[in-house]
Amino acid sequence: MPPYLIEFRFQGYARKYLKRSIFDVARRFHVEGVTRRRPVPHITLVGPFETREIKRVIMDVESIAKKYNLVNFKLKGFGYFNNPGGKVIYADIEPSKELEELRWELSKRLMRYARLKEWDTRERFSFHATIAFKDIDRKFSQIWSYLKHKEKPNIDQHLLRITIIGKGGKIVCEYDLMLKKLLNRREALSGKVWKRTIFMFRVKLFRRRFLVAIRKIFGW
């Protein structure tokens, strides 16, 4: 069965920050675990997992994601996993309650018919964006010391799209939380569609902030 991933792909300043960090560590310490392929800064929500029912996965992602609107989280600091297969250094993600609920709802739904990794079968989950892994064990102390003294990221973000990744790391489709629409691969890669996504995000964020301000004024 082919492996799949469900993830959030960073855009804008956060994407640039993470790519700079990935290539900075790779160049300084001559490691290339993340850079062997074109790095795409992301948060894995579920995966890798195996299934023969990708159409059902797509339907479940859509039915769950459409219930959510402005799902926020924060890129904050660095951390590492000391896994049996090797160490992983990452940018730490501080999730909102909504992000935690969405991720767990996806996992529970997929458990019914997909073969998930152990970490996806638990409610407690470490949200992260990988900076370096695979070939870093011998240089871990140096890399970690360098990152500890580096300015820590503190970047607010929102979950704008949920991406399903298939064979060869290619996009199968995306669900756009702002447009409330399932996008095929061509639409997911379209700059024109992305501009619509950003426009709707700004509209929704303005509306939320406006309502918060009104409630404070009138004590609602």
# chains A, B, ... in the order shown; residues from 1 in each chain; ligands from 1

call {"tool": "closest_atom_pairs", "arguments": {"of": "segment 60-163 of chain A", "to": "segment 1-24 of chain A", "cutoff": "6 Å", "atoms": "only C-alpha atoms", "output": "CSV"}}
result
residue,atom,partner,partner_atom,distance
A:Ile131,CA,A:Ile22,CA,5.0
A:Ile162,CA,A:Phe8,CA,5.3
A:Thr163,CA,A:Glu7,CA,5.2

call {"tool": "select_by_dssp", "arguments": {"residues": "segment 59-111 of chain A", "states": "alpha helix (DSSP H)", "output": "list in words"}}
result
Met59, Asp60, Val61, Glu62, Ser63, Ile64, Ala65, Lys97, Glu98, Leu99, Glu100, Glu101, Leu102, Arg103, Trp104, Glu105, Leu106, Ser107, Lys108, Arg109 and Leu110 of chain A

call {"tool": "residues_around", "arguments": {"residues": "segment 82-84 of chain A", "least_positions_apart": "4", "cutoff": "10 Å", "atoms": "only C-alpha atoms", "output": "ChimeraX atom specification"}}
result
/A:88-89,137

call {"tool": "write_last_selection", "arguments": {"atoms": "C-alpha atoms", "output": "PDB file, in the first residue's frame"}}
result
ATOM      1  CA  VAL A  88      15.372  14.895  15.405  1.00  0.00           C
ATOM      2  CA  ILE A  89      15.716  18.651  15.927  1.00  0.00           C
ATOM      3  CA  ASP A 137      23.617  12.158  15.879  1.00  0.00           C
TER       4      ASP A 137
END

call {"tool": "residues_around", "arguments": {"residues": "Ser63 of chain A", "least_positions_apart": "3", "cutoff": "12 Å", "atoms": "only C-alpha atoms", "output": "list in words"}}
result
Arg56, Val57, Ile58, Met59, Asp60, Lys66, Lys67, Tyr68, Leu102, Glu105, Leu106, Arg109, Tyr175, Asp176, Leu177, Lys180, Lys181 and Leu182 of chain A

call {"tool": "select_by_dssp", "arguments": {"residues": "segment 24-200 of chain A", "states": "strand (DSSP E)", "output": "PyMOL selection string"}}
result
chain A and resi 42-50+72-83+86-95+128-133+154-158+161-165+171-176+181-184

call {"tool": "residues_around", "arguments": {"residues": "segment 185-191 of chain A", "least_positions_apart": "3", "cutoff": "10 Å", "atoms": "only C-alpha atoms", "output": "PDB file with C-alpha atoms, in the first residue's frame"}}
result
ATOM      1  CA  ARG A 161      -5.111  24.513   4.346  1.00  0.00           C
ATOM      2  CA  THR A 163      -2.710  18.947   2.488  1.00  0.00           C
ATOM      3  CA  ILE A 164      -2.850  15.253   1.622  1.00  0.00           C
ATOM      4  CA  LYS A 170       3.192  14.942  -4.469  1.00  0.00           C
ATOM      5  CA  ILE A 171       0.043  16.754  -3.435  1.00  0.00           C
ATOM      6  CA  VAL A 172      -3.065  14.607  -3.871  1.00  0.00           C
ATOM      7  CA  CYS A 173      -5.392  17.438  -2.868  1.00  0.00           C
ATOM      8  CA  GLU A 174      -5.872  20.165  -0.262  1.00  0.00           C
ATOM      9  CA  TYR A 175      -8.788  21.298   1.819  1.00  0.00           C
ATOM     10  CA  ASP A 176      -8.926  25.078   2.081  1.00  0.00           C
ATOM     11  CA  LEU A 182     -11.557  20.874  -1.615  1.00  0.00           C
ATOM     12  CA  TRP A 194      -3.826  31.209  -3.015  1.00  0.00           C
ATOM     13  CA  LYS A 195      -4.523  34.945  -3.274  1.00  0.00           C
ATOM     14  CA  ARG A 196      -8.221  34.192  -2.736  1.00  0.00           C
ATOM     15  CA  THR A 197      -7.294  32.115   0.310  1.00  0.00           C
TER      16      THR A 197
END

call {"tool": "atom_distance", "arguments": {"atom1": "atom CA of Pro39 of chain A", "atom2": "atom CA of Gly79 of chain A"}}
result
18.8 Å

call {"tool": "residues_around", "arguments": {"residues": "Lys76 of chain A", "least_positions_apart": "4", "cutoff": "8 Å", "atoms": "only C-alpha atoms", "output": "PyMOL selection string"}}
result
chain A and resi 91-94+152-155

call {"tool": "write_last_selection", "arguments": {"atoms": "N, CA and C atoms", "output": "mmCIF file, in the first residue's frame"}}
result
data_model
loop_
_atom_site.group_PDB
_atom_site.id
_atom_site.type_symbol
_atom_site.label_atom_id
_atom_site.label_comp_id
_atom_site.auth_asym_id
_atom_site.auth_seq_id
_atom_site.Cartn_x
_atom_site.Cartn_y
_atom_site.Cartn_z
ATOM 1 N N ALA A 91 11.535 22.878 15.167
ATOM 2 C CA ALA A 91 10.926 24.102 15.682
ATOM 3 C C ALA A 91 9.659 23.686 16.409
ATOM 4 N N ASP A 92 9.519 24.135 17.634
ATOM 5 C CA ASP A 92 8.406 23.713 18.471
ATOM 6 C C ASP A 92 7.128 24.457 18.086
ATOM 7 N N ILE A 93 6.018 23.735 18.142
ATOM 8 C CA ILE A 93 4.712 24.312 17.824
ATOM 9 C C ILE A 93 3.848 24.318 19.078
ATOM 10 N N GLU A 94 3.344 25.478 19.420
ATOM 11 C CA GLU A 94 2.405 25.615 20.539
ATOM 12 C C GLU A 94 0.993 25.619 19.958
ATOM 13 N N LYS A 152 15.043 32.807 19.276
ATOM 14 C CA LYS A 152 13.947 31.842 19.218
ATOM 15 C C LYS A 152 12.790 32.382 18.374
ATOM 16 N N PRO A 153 12.209 31.527 17.548
ATOM 17 C CA PRO A 153 11.038 31.972 16.776
ATOM 18 C C PRO A 153 9.839 32.188 17.691
ATOM 19 N N ASN A 154 9.051 33.181 17.375
ATOM 20 C CA ASN A 154 7.819 33.464 18.122
ATOM 21 C C ASN A 154 6.832 34.027 17.097
ATOM 22 N N ILE A 155 6.265 33.129 16.303
ATOM 23 C CA ILE A 155 5.494 33.524 15.121
ATOM 24 C C ILE A 155 4.080 32.975 15.207
#

call {"tool": "atom_distance", "arguments": {"atom1": "atom CA of Phe81 of chain A", "atom2": "atom CA of Phe133 of chain A"}}
result
9.5 Å

call {"tool": "closest_residue", "arguments": {"among": "A:Arg27, A:Lys216, A:Arg202, A:Lys87", "to": "Thr130 of chain A", "atoms": "only C-alpha atoms"}}
result
A:Lys87

call {"tool": "atom_distance", "arguments": {"atom1": "atom CA of Pro41 of chain A", "atom2": "atom CA of Phe199 of chain A"}}
result
22.3 Å

call {"tool": "residues_around", "arguments": {"residues": "Tyr146 of chain A", "least_positions_apart": "6", "cutoff": "10 Å", "atoms": "only C-alpha atoms", "output": "list in words"}}
result
Val25, Arg28 and Phe140 of chain A

call {"tool": "write_last_selection", "arguments": {"atoms": "all heavy atoms", "output": "PDB file, in the first residue's frame"}}
result
ATOM      1  N   VAL A  25      21.537  25.221   9.267  1.00  0.00           N
ATOM      2  CA  VAL A  25      22.069  24.066   9.999  1.00  0.00           C
ATOM      3  C   VAL A  25      22.794  23.108   9.042  1.00  0.00           C
ATOM      4  O   VAL A  25      23.884  22.607   9.354  1.00  0.00           O
ATOM      5  CB  VAL A  25      20.937  23.336  10.753  1.00  0.00           C
ATOM      6  CG1 VAL A  25      21.408  21.973  11.270  1.00  0.00           C
ATOM      7  CG2 VAL A  25      20.420  24.192  11.899  1.00  0.00           C
ATOM      8  N   ARG A  28      26.241  24.804   8.000  1.00  0.00           N
ATOM      9  CA  ARG A  28      27.182  24.975   9.107  1.00  0.00           C
ATOM     10  C   ARG A  28      27.753  23.643   9.593  1.00  0.00           C
ATOM     11  O   ARG A  28      28.929  23.553   9.963  1.00  0.00           O
ATOM     12  CB  ARG A  28      26.510  25.693  10.280  1.00  0.00           C
ATOM     13  CG  ARG A  28      26.333  27.178  10.093  1.00  0.00           C
ATOM     14  CD  ARG A  28      25.573  27.781  11.256  1.00  0.00           C
ATOM     15  NE  ARG A  28      25.366  29.207  11.082  1.00  0.00           N
ATOM     16  CZ  ARG A  28      26.210  30.155  11.510  1.00  0.00           C
ATOM     17  NH1 ARG A  28      27.311  29.798  12.158  1.00  0.00           N
ATOM     18  NH2 ARG A  28      25.962  31.427  11.312  1.00  0.00           N
ATOM     19  N   PHE A 140      25.039  16.281  17.075  1.00  0.00           N
ATOM     20  CA  PHE A 140      23.856  16.789  17.776  1.00  0.00           C
ATOM     21  C   PHE A 140      24.204  17.862  18.805  1.00  0.00           C
ATOM     22  O   PHE A 140      23.563  18.918  18.845  1.00  0.00           O
ATOM     23  CB  PHE A 140      23.102  15.648  18.469  1.00  0.00           C
ATOM     24  CG  PHE A 140      21.998  16.137  19.359  1.00  0.00           C
ATOM     25  CD1 PHE A 140      20.788  16.548  18.821  1.00  0.00           C
ATOM     26  CD2 PHE A 140      22.185  16.221  20.733  1.00  0.00           C
ATOM     27  CE1 PHE A 140      19.765  17.025  19.643  1.00  0.00           C
ATOM     28  CE2 PHE A 140      21.173  16.699  21.555  1.00  0.00           C
ATOM     29  CZ  PHE A 140      19.966  17.095  21.005  1.00  0.00           C
TER      30      PHE A 140
END

call {"tool": "closest_residue", "arguments": {"among": "A:Val71, A:Val203, A:Met111, A:Val46", "to": "Phe125 of chain A", "atoms": "only C-alpha atoms"}}
result
A:Val46

call {"tool": "closest_residue", "arguments": {"among": "A:Leu45, A:Val31, A:Ile54, A:Ala65", "to": "Asp120 of chain A", "atoms": "only C-alpha atoms"}}
result
A:Leu45
